[in-house]
>>> print(open('work-v4.cif').read())   # mmCIF, C-alpha atoms
data_upload
loop_
_atom_site.label_atom_id
_atom_site.label_comp_id
_atom_site.auth_asym_id
_atom_site.auth_seq_id
_atom_site.Cartn_x
_atom_site.Cartn_y
_atom_site.Cartn_z
CA MET A 205 14.29 4.52 -15.54
CA SER A 206 15.93 3.12 -12.47
CA THR A 207 19.39 1.74 -12.02
CA ARG A 208 20.78 -0.41 -9.29
CA THR A 209 24.25 -0.22 -7.84
CA ARG A 210 25.86 -2.32 -5.19
CA THR A 211 29.04 -2.17 -3.18
CA PRO A 212 30.57 -5.32 -1.71
CA SER A 213 28.58 -6.56 1.26
CA PRO A 214 30.21 -7.62 4.50
CA PRO A 215 31.49 -11.21 4.23
CA ALA A 216 29.19 -12.39 7.01
CA ARG A 217 26.03 -11.37 5.09
CA PRO A 218 26.41 -11.79 1.33
CA ALA A 219 23.41 -10.31 -0.46
CA GLY A 220 23.90 -12.18 -3.73
CA PRO A 221 24.25 -10.74 -7.21
CA VAL A 222 22.29 -7.70 -8.28
CA THR A 223 20.87 -6.91 -11.69
CA GLU A 224 20.39 -3.58 -13.36
CA HIS A 225 16.99 -2.40 -14.57
CA GLY A 226 16.74 -1.36 -18.20
CA SER A 227 14.51 1.37 -19.54
CA ASN A 228 11.79 -1.16 -20.38
CA GLY A 229 11.46 -2.15 -16.73
CA GLU A 230 12.82 -5.66 -17.31
CA ASP A 231 15.94 -7.08 -15.73
CA ALA A 232 19.14 -7.06 -17.74
CA PRO A 233 22.31 -8.90 -16.66
CA LEU A 234 25.27 -6.89 -15.50
CA LEU A 235 28.09 -6.29 -17.97
CA VAL A 236 30.35 -8.78 -16.18
CA ASP A 237 27.73 -11.48 -16.75
CA GLU A 238 27.46 -10.64 -20.44
CA LEU A 239 31.25 -10.86 -20.83
CA ALA A 240 31.23 -14.21 -19.08
CA GLY A 241 28.53 -15.43 -21.44
CA ARG A 242 26.21 -16.55 -18.67
CA ALA A 243 23.93 -15.14 -16.01
CA ARG A 244 24.81 -15.67 -12.39
CA PRO A 245 22.11 -17.41 -10.33
CA ARG A 246 20.51 -15.19 -7.70
CA ARG A 247 20.97 -16.36 -4.16
CA ALA A 248 17.73 -16.37 -2.20
CA VAL A 249 17.59 -14.09 0.82
CA ARG A 250 15.53 -15.06 3.84
CA THR A 251 15.21 -11.68 5.56
CA LEU A 252 15.37 -8.43 3.61
CA VAL A 253 15.04 -5.03 5.29
CA ALA A 254 14.18 -2.29 2.80
CA MET A 255 13.75 1.43 3.10
CA PRO A 256 12.67 4.23 0.75
CA ALA A 257 15.06 7.17 0.92
CA TYR A 258 14.93 10.76 -0.29
CA ASN A 259 17.66 13.10 0.95
CA GLU A 260 18.13 11.20 4.22
CA GLU A 261 21.89 11.64 4.71
CA ALA A 262 21.42 12.67 8.34
CA TYR A 263 19.89 9.42 9.63
CA ILE A 264 20.19 6.72 6.98
CA ALA A 265 23.55 5.41 8.24
CA LYS A 266 22.12 4.68 11.69
CA THR A 267 19.08 3.00 10.14
CA ILE A 268 21.13 0.81 7.80
CA VAL A 269 23.54 -0.30 10.51
CA GLY A 270 20.71 -1.06 12.93
CA ALA A 271 18.64 -2.92 10.33
CA GLY A 272 21.65 -4.92 9.16
CA ARG A 273 21.87 -6.62 12.56
CA HIS A 274 18.54 -8.35 11.92
CA ALA A 275 18.66 -9.05 8.16
CA ASP A 276 20.52 -11.00 5.52
CA ALA A 277 20.48 -7.96 3.23
CA VAL A 278 19.55 -4.28 3.43
CA LEU A 279 17.93 -2.59 0.43
CA VAL A 280 17.81 1.18 -0.06
CA VAL A 281 15.57 2.60 -2.79
CA ASP A 282 16.85 6.09 -3.46
CA ASP A 283 14.01 8.19 -4.85
CA GLY A 284 16.02 10.86 -6.63
CA SER A 285 18.11 12.17 -3.72
CA THR A 286 20.46 15.09 -4.33
CA ASP A 287 22.48 14.78 -1.11
CA GLU A 288 24.90 12.08 0.11
CA THR A 289 22.25 9.43 0.74
CA VAL A 290 23.50 7.07 -1.98
CA PRO A 291 27.25 7.24 -1.18
CA ILE A 292 26.53 6.61 2.50
CA ALA A 293 24.31 3.62 1.74
CA GLU A 294 26.85 2.16 -0.69
CA ALA A 295 29.69 2.64 1.78
CA LEU A 296 27.74 0.68 4.39
CA GLY A 297 27.25 -2.27 2.01
CA ALA A 298 23.56 -1.82 1.30
CA ILE A 299 22.00 -2.79 -2.00
CA VAL A 300 21.05 0.50 -3.64
CA ILE A 301 18.45 1.04 -6.35
CA ARG A 302 18.31 4.56 -7.73
CA HIS A 303 15.31 6.26 -9.30
CA ALA A 304 16.41 8.83 -11.84
CA THR A 305 13.44 11.01 -10.83
CA ASN A 306 11.35 11.21 -7.68
CA LYS A 307 8.53 8.68 -7.99
CA GLY A 308 6.99 9.15 -4.57
CA TYR A 309 6.44 6.75 -1.70
CA GLY A 310 4.26 4.41 -3.71
CA GLY A 311 6.82 4.26 -6.50
CA ALA A 312 9.53 3.32 -3.98
CA LEU A 313 7.31 0.58 -2.55
CA GLN A 314 6.71 -0.79 -6.04
CA THR A 315 10.47 -1.15 -6.49
CA ILE A 316 10.89 -2.72 -3.05
CA PHE A 317 8.27 -5.41 -3.61
CA SER A 318 9.45 -6.26 -7.13
CA THR A 319 13.06 -6.51 -5.88
CA ALA A 320 12.01 -8.71 -2.95
CA ARG A 321 10.32 -11.06 -5.39
CA GLU A 322 13.40 -11.11 -7.62
CA MET A 323 15.63 -11.93 -4.67
CA GLY A 324 13.33 -14.69 -3.45
CA ALA A 325 13.01 -13.05 -0.04
CA GLU A 326 11.01 -15.01 2.52
CA GLU A 327 10.61 -12.03 4.86
CA LEU A 328 10.45 -8.36 3.93
CA VAL A 329 10.59 -5.58 6.50
CA ILE A 330 9.97 -2.02 5.31
CA ILE A 331 11.19 0.77 7.58
CA ASP A 332 11.52 4.55 7.22
CA SER A 333 15.04 5.82 6.67
CA ASP A 334 14.49 9.23 8.31
CA GLY A 335 15.21 8.08 11.87
CA GLN A 336 11.60 8.04 13.09
CA HIS A 337 11.50 4.24 13.30
CA SER A 338 13.83 2.25 15.53
CA PRO A 339 15.60 -0.71 13.84
CA GLY A 340 15.57 -2.31 17.27
CA ASP A 341 11.85 -3.03 16.75
CA VAL A 342 12.54 -5.20 13.69
CA PRO A 343 12.82 -8.45 15.74
CA LYS A 344 9.34 -7.84 17.21
CA LEU A 345 7.80 -7.69 13.75
CA LEU A 346 9.75 -10.73 12.55
CA ALA A 347 8.78 -12.77 15.61
CA GLU A 348 5.09 -12.14 14.95
CA LEU A 349 5.59 -12.92 11.27
CA ARG A 350 7.17 -16.27 12.13
CA ARG A 351 4.16 -17.19 14.24
CA GLY A 352 2.21 -17.69 11.02
CA ASN A 353 1.05 -14.18 10.12
CA ASP A 354 1.40 -12.86 6.56
CA VAL A 355 1.60 -9.16 7.43
CA VAL A 356 2.73 -7.51 10.66
CA ILE A 357 2.17 -3.79 11.22
CA GLY A 358 4.15 -1.71 13.68
CA SER A 359 1.34 0.23 15.35
CA ARG A 360 1.55 3.50 17.26
CA PHE A 361 -1.82 2.87 18.89
CA VAL A 362 -1.48 -0.41 20.76
CA GLU A 363 -0.35 -0.80 24.37
CA GLY A 364 -0.18 2.94 24.91
CA SER A 365 2.37 3.58 22.19
CA ALA A 366 0.66 6.75 21.00
CA GLY A 367 1.66 8.97 23.91
CA GLU A 368 4.15 11.13 21.98
CA ILE A 369 2.03 11.62 18.86
CA PRO A 370 0.71 15.20 18.45
CA ALA A 371 -3.06 15.47 18.93
CA TYR A 372 -3.78 16.75 15.42
CA ARG A 373 -1.91 13.78 13.96
CA LYS A 374 -3.97 11.34 16.04
CA VAL A 375 -7.20 12.85 14.70
CA GLY A 376 -5.96 12.70 11.12
CA MET A 377 -4.75 9.12 11.50
CA LYS A 378 -8.09 7.97 12.88
CA VAL A 379 -9.90 9.56 9.94
CA LEU A 380 -7.59 7.75 7.52
CA ASP A 381 -7.99 4.50 9.47
CA THR A 382 -11.77 4.74 9.13
CA ALA A 383 -11.55 5.49 5.41
CA THR A 384 -9.15 2.58 4.88
CA THR A 385 -11.50 0.24 6.76
CA MET A 386 -14.36 1.31 4.49
CA ALA A 387 -12.21 0.60 1.42
CA GLY A 388 -10.73 -2.66 2.70
CA ASN A 389 -13.71 -4.87 3.47
CA ASN A 390 -13.77 -3.95 7.17
CA LEU A 391 -10.18 -4.93 7.89
CA ALA A 392 -9.75 -3.58 11.42
CA ILE A 393 -6.32 -1.95 11.80
CA THR A 394 -5.39 0.54 14.51
CA ASP A 395 -2.63 2.20 12.46
CA SER A 396 -3.34 1.95 8.74
CA GLN A 397 -0.76 4.61 7.85
CA SER A 398 2.21 3.02 9.58
CA GLY A 399 5.19 2.65 7.26
CA PHE A 400 6.90 0.10 9.52
CA ARG A 401 5.67 -3.30 8.37
CA ALA A 402 6.81 -6.87 7.79
CA TYR A 403 5.58 -9.14 5.01
CA GLY A 404 5.83 -12.90 4.60
CA ARG A 405 6.26 -14.77 1.33
CA ARG A 406 2.53 -14.97 0.56
CA ALA A 407 2.12 -11.23 0.99
CA ILE A 408 5.24 -10.42 -1.06
CA GLU A 409 3.83 -12.42 -3.96
CA ALA A 410 0.27 -11.11 -3.62
CA ILE A 411 0.83 -7.37 -3.23
CA HIS A 412 1.19 -5.31 -6.41
CA ILE A 413 0.95 -1.55 -5.88
CA SER A 414 -0.44 0.69 -8.61
CA GLY A 415 -0.39 4.12 -6.97
CA GLU A 416 2.73 6.23 -6.41
CA GLY A 417 1.53 8.48 -3.59
CA MET A 418 1.43 8.10 0.18
CA SER A 419 -1.93 6.31 -0.06
CA ALA A 420 -0.01 3.20 -1.16
CA GLY A 421 -0.06 2.03 2.47
CA SER A 422 -3.87 1.92 2.39
CA GLU A 423 -3.84 0.28 -1.03
CA ILE A 424 -1.66 -2.50 0.38
CA LEU A 425 -4.13 -3.13 3.21
CA VAL A 426 -6.99 -3.33 0.72
CA GLN A 427 -5.07 -6.00 -1.21
CA VAL A 428 -4.25 -7.77 2.05
CA SER A 429 -7.96 -7.94 2.78
CA ASP A 430 -8.79 -9.11 -0.74
CA HIS A 431 -6.29 -11.97 -0.50
CA ARG A 432 -7.43 -12.85 3.03
CA LEU A 433 -3.93 -12.62 4.45
CA ARG A 434 -3.39 -12.94 8.19
CA VAL A 435 -2.55 -9.61 9.84
CA ALA A 436 -1.11 -8.80 13.25
CA GLU A 437 0.05 -5.62 14.97
CA VAL A 438 2.88 -5.00 17.41
CA PRO A 439 3.58 -1.83 19.41
CA ILE A 440 6.33 0.49 18.19
CA LYS A 441 7.66 3.89 19.19
CA VAL A 442 7.96 6.66 16.62
CA ARG A 443 10.07 9.79 17.08
CA TYR A 444 8.43 13.13 16.27
CA ASP A 445 11.29 15.31 17.52
CA ILE A 446 13.25 14.94 14.26
CA GLU A 447 13.15 17.90 11.91
CA GLY A 448 12.76 17.58 8.18
CA THR A 449 11.12 14.14 8.17
CA SER A 450 8.55 15.28 5.60
CA SER A 451 8.70 17.79 2.77
CA GLU A 452 4.91 18.28 2.83
CA ASN A 453 2.58 20.11 5.16
CA PRO A 454 0.96 17.43 7.35
CA VAL A 455 -2.55 18.83 6.79
CA SER A 456 -2.30 19.00 3.00
CA HIS A 457 -0.56 15.64 3.02
CA GLY A 458 -3.37 14.06 5.04
CA VAL A 459 -6.06 15.58 2.83
CA GLY A 460 -4.28 14.26 -0.26
CA VAL A 461 -4.09 10.75 1.18
CA LEU A 462 -7.75 10.91 2.20
CA MET A 463 -8.80 11.96 -1.31
CA ASN A 464 -6.92 9.02 -2.80
CA ILE A 465 -8.58 6.63 -0.36
CA VAL A 466 -12.00 8.13 -1.15
CA LYS A 467 -11.31 7.58 -4.85
CA LEU A 468 -10.39 3.98 -4.04
CA ILE A 469 -13.66 3.53 -2.12
CA SER A 470 -15.67 5.00 -5.00
CA LEU A 471 -14.20 2.45 -7.40
CA ARG A 472 -14.44 -0.55 -5.07
CA ARG A 473 -17.89 0.18 -3.61
CA PRO A 474 -19.74 2.39 -6.08
CA LEU A 475 -23.20 1.37 -4.86
CA VAL A 476 -22.33 2.36 -1.31
CA PHE A 477 -20.38 5.48 -2.25
CA PHE A 478 -22.82 6.84 -4.83
CA GLY A 479 -25.99 4.82 -4.33
CA ILE A 480 -26.66 5.57 -0.66
CA PRO A 481 -26.19 9.38 -0.95
CA GLY A 482 -28.16 9.27 -4.21
CA ALA A 483 -31.08 7.44 -2.60
CA PHE A 484 -31.04 9.84 0.37
CA LEU A 485 -31.07 12.94 -1.84
CA THR A 486 -33.78 11.45 -4.07
CA LEU A 487 -36.07 10.73 -1.11
CA LEU A 488 -35.39 14.14 0.38
CA GLY A 489 -36.14 15.84 -2.93
CA ILE A 490 -39.39 13.92 -3.33
CA GLY A 491 -40.36 14.86 0.23
CA LEU A 492 -39.74 18.55 -0.43
CA GLU A 493 -41.73 18.45 -3.66
CA ILE A 494 -44.67 16.77 -1.90
CA TYR A 495 -44.50 19.39 0.82
CA THR A 496 -44.44 22.23 -1.74
CA PHE A 497 -47.49 21.05 -3.66
CA SER A 498 -49.43 20.08 -0.53
CA GLU A 499 -48.88 23.59 0.85
CA TYR A 500 -49.95 25.06 -2.48
CA TYR A 501 -53.23 23.14 -2.55
CA ARG A 502 -53.86 23.81 1.15
CA THR A 503 -53.01 27.53 1.38
CA GLY A 504 -52.50 28.64 -2.21
CA ALA A 505 -48.92 29.73 -1.43
CA PHE A 506 -46.21 28.31 -3.66
CA HIS A 507 -42.77 28.07 -2.01
CA TYR A 508 -40.41 28.59 -4.94
CA ILE A 509 -37.23 28.16 -2.89
CA VAL A 510 -38.38 24.87 -1.39
CA PHE A 511 -39.54 23.68 -4.80
CA THR A 512 -36.22 24.59 -6.47
CA GLY A 513 -34.18 23.01 -3.69
CA GLY A 514 -36.23 19.82 -3.73
CA PHE A 515 -36.07 19.55 -7.50
CA SER A 516 -32.28 20.05 -7.47
CA MET A 517 -31.85 17.36 -4.80
CA LEU A 518 -34.07 14.99 -6.79
CA ILE A 519 -32.02 15.43 -9.97
CA LEU A 520 -28.69 15.14 -8.11
CA GLY A 521 -29.85 12.04 -6.25
CA LEU A 522 -30.95 10.33 -9.46
CA LEU A 523 -27.63 11.20 -11.10
CA LEU A 524 -25.63 9.76 -8.19
CA ALA A 525 -27.70 6.58 -8.15
CA THR A 526 -27.23 6.19 -11.90
CA VAL A 527 -23.48 6.70 -11.64
CA GLY A 528 -23.31 4.12 -8.85
CA LEU A 529 -25.19 1.55 -10.95
CA ILE A 530 -23.02 2.20 -14.01
CA LEU A 531 -19.76 1.94 -12.06
CA TYR A 532 -20.96 -1.20 -10.29
CA SER A 533 -21.76 -2.81 -13.65
CA LEU A 534 -18.34 -1.85 -15.02
CA VAL A 535 -16.58 -3.26 -11.95
CA GLN A 536 -18.48 -6.54 -12.31
CA ILE A 537 -17.57 -6.74 -16.00
CA MET A 538 -13.90 -6.09 -15.24
CA GLN A 539 -13.80 -8.59 -12.38
CA GLY A 540 -15.36 -11.33 -14.53
CA PRO A 541 -12.26 -12.01 -16.67
CA ARG A 542 -10.02 -11.83 -13.58
CA SER A 543 -12.10 -14.50 -11.84
CA GLU A 544 -11.89 -16.71 -14.92
CA GLU A 545 -8.11 -16.20 -15.06
CA LYS A 546 -7.80 -17.21 -11.41
CA LYS A 547 -9.89 -20.33 -11.99
CA THR A 548 -7.87 -21.23 -15.07
CA SER A 549 -4.55 -20.75 -13.27
CA THR A 550 -5.81 -22.83 -10.34
CA VAL A 551 -6.90 -25.66 -12.63
CA ALA A 552 -3.61 -25.50 -14.52
CA ALA A 553 -1.63 -25.60 -11.27
CA GLY A 554 -3.67 -28.56 -10.07
CA SER A 555 -3.16 -30.46 -13.30
CA ALA A 556 0.56 -29.71 -13.17
CA VAL A 557 0.75 -31.07 -9.64
CA GLY A 558 -1.21 -34.12 -10.71
CA GLN A 559 1.12 -34.74 -13.63
CA GLY A 560 4.13 -34.37 -11.37
CA ALA A 561 2.69 -36.82 -8.89
CA GLY A 562 1.95 -39.27 -11.72
CA LYS A 563 5.50 -39.07 -12.98
CA ALA A 564 6.81 -39.61 -9.46
CA GLU A 565 4.68 -42.73 -9.08
CA GLN A 566 5.89 -44.09 -12.42
CA GLU A 567 9.51 -43.51 -11.46
CA THR A 568 8.94 -45.19 -8.12
CA SER A 569 7.29 -48.21 -9.71
CA HIS A 570 10.19 -48.55 -12.15
#
>>> encode(input="work-v4.cif", output="structure tokens")
Amino acid sequence: MSTRTRTPSPPARPAGPVTEHGSNGEDAPLLVDELAGRARPRRAVRTLVAMPAYNEEAYIAKTIVGAGRHADAVLVVDDGSTDETVPIAEALGAIVIRHATNKGYGGALQTIFSTAREMGAEELVIIDSDGQHSPGDVPKLLAELRRGNDVVIGSRFVEGSAGEIPAYRKVGMKVLDTATTMAGNNLAITDSQSGFRAYGRRAIEAIHISGEGMSAGSEILVQVSDHRLRVAEVPIKVRYDIEGTSSENPVSHGVGVLMNIVKLISLRRPLVFFGIPGAFLTLLGIGLEIYTFSEYYRTGAFHYIVFTGGFSMLILGLLLATVGLILYSLVQIMQGPRSEEKKTSTVAAGSAVGQGAGKAEQETSH
């Protein structure tokens, strides 16, 4: 269950009315609307800057104030904070959505995207609230977005921006970048794990996150690739001298993200993930078995260890290849209805447009 609170926004940047989420996940009107007997229309917001927050009282004020200079509204998704994060955000006029329990980074992103769609936002910028990202870089992302791109990523690895990143982090990021590329139809991104991104209207409508962990950033890029959205990167600076920016060990955190990406690859490309290793092990096992029996007939010596190892590899390889084929078949079956739904919706939209045009012509002729 998540609830949304809002304090009055500064007069110069009204954020429009805010609804409160019920326990069923649907929007319910505020009590004042129910008493008035009508629902207030939501005012569309062009530029929305949003940030997940979990116990970020030390830096969130600076981030909100800086982001507010470049946005029509600032959204804070509080993910179960126990400090003064929420009161600070409310006092600064931000729209605040509170998660009753900690749902993780992916859960916060789910709320951000659904809220952006509800508000009719044309531009969505997501920034960290822990002080690592500079709100002063927001205009760079927006400028690239307004040049026709659907997604703009603030990258730490373009134009020499990676100088302050610790070496072990660079290695881990490159591993995750490679894994994300394998999962995302070869979408080449230099910083797949950057949390500083801007999304246009097409991307806001297209992206629907299912995971709640930190791998949500990679999941978004996979969906970006699937929908053939235009992507650009701009250089940003990230501070690593701030203490307490993460509650997890960076190594265990990176391994966890990698495992989630690997799981995503296994589901999206089962023939590659299971079939190729399965074929390799099968061929290797057959080769070892041929060697064992050829040596037996040639010298009379039977190599039990080689025979056992080759037989094990043969069985494992066949199992992996079978799993890959089964998963591939299931994926094709599941994607079939989705393709039909897309075709149906496209035809329906086209017919609706045609009917609208016909009505317009009739009205014009009259």
>>> resolve_selection(input="work-v4.cif", expression="the PyMOL selection byres ((chain A and resi 484-495) around 6)", output="number ranges by chain")
A: 481-483, 496-498, 511, 514-515, 517-518, 521
>>> residues_around(input="work-v4.cif", residues="region 407-413 of chain A", least_positions_apart="3", cutoff="9 Å", atoms="all atoms listed in the file", output="list in words")
Gly310, Gly311, Leu313, Gln314, Phe317, Ser318, Ala320, Arg321, Ala325, Glu326, Glu327, Leu328, Asp354, Val355, Tyr403, Gly404, Glu416, Ala420, Glu423, Ile424, Gln427, Val428, His431 and Leu433 of chain A
>>> closest_residue(input="work-v4.cif", among="A:Ala275, A:Val249, A:Ala347, A:Leu529", to="Phe477 (chain A)", atoms="all atoms listed in the file")
A:Leu529
>>> axis_aligned_box(input="work-v4.cif", around="region 345-348 of chain A", padding_each_side="6 Å", output="JSON")
{"center_x": 7.4, "center_y": -10.2, "center_z": 14.1, "size_x": 16.7, "size_y": 17.1, "size_z": 15.1}
>>> residues_near_point(input="work-v4.cif", point="(14.6, 1.9, 8.2)", cutoff="10 Å", atoms="all atoms listed in the file", output="ChimeraX atom specification")
/A:253-257,263-272,278-280,329-339,342,399-400
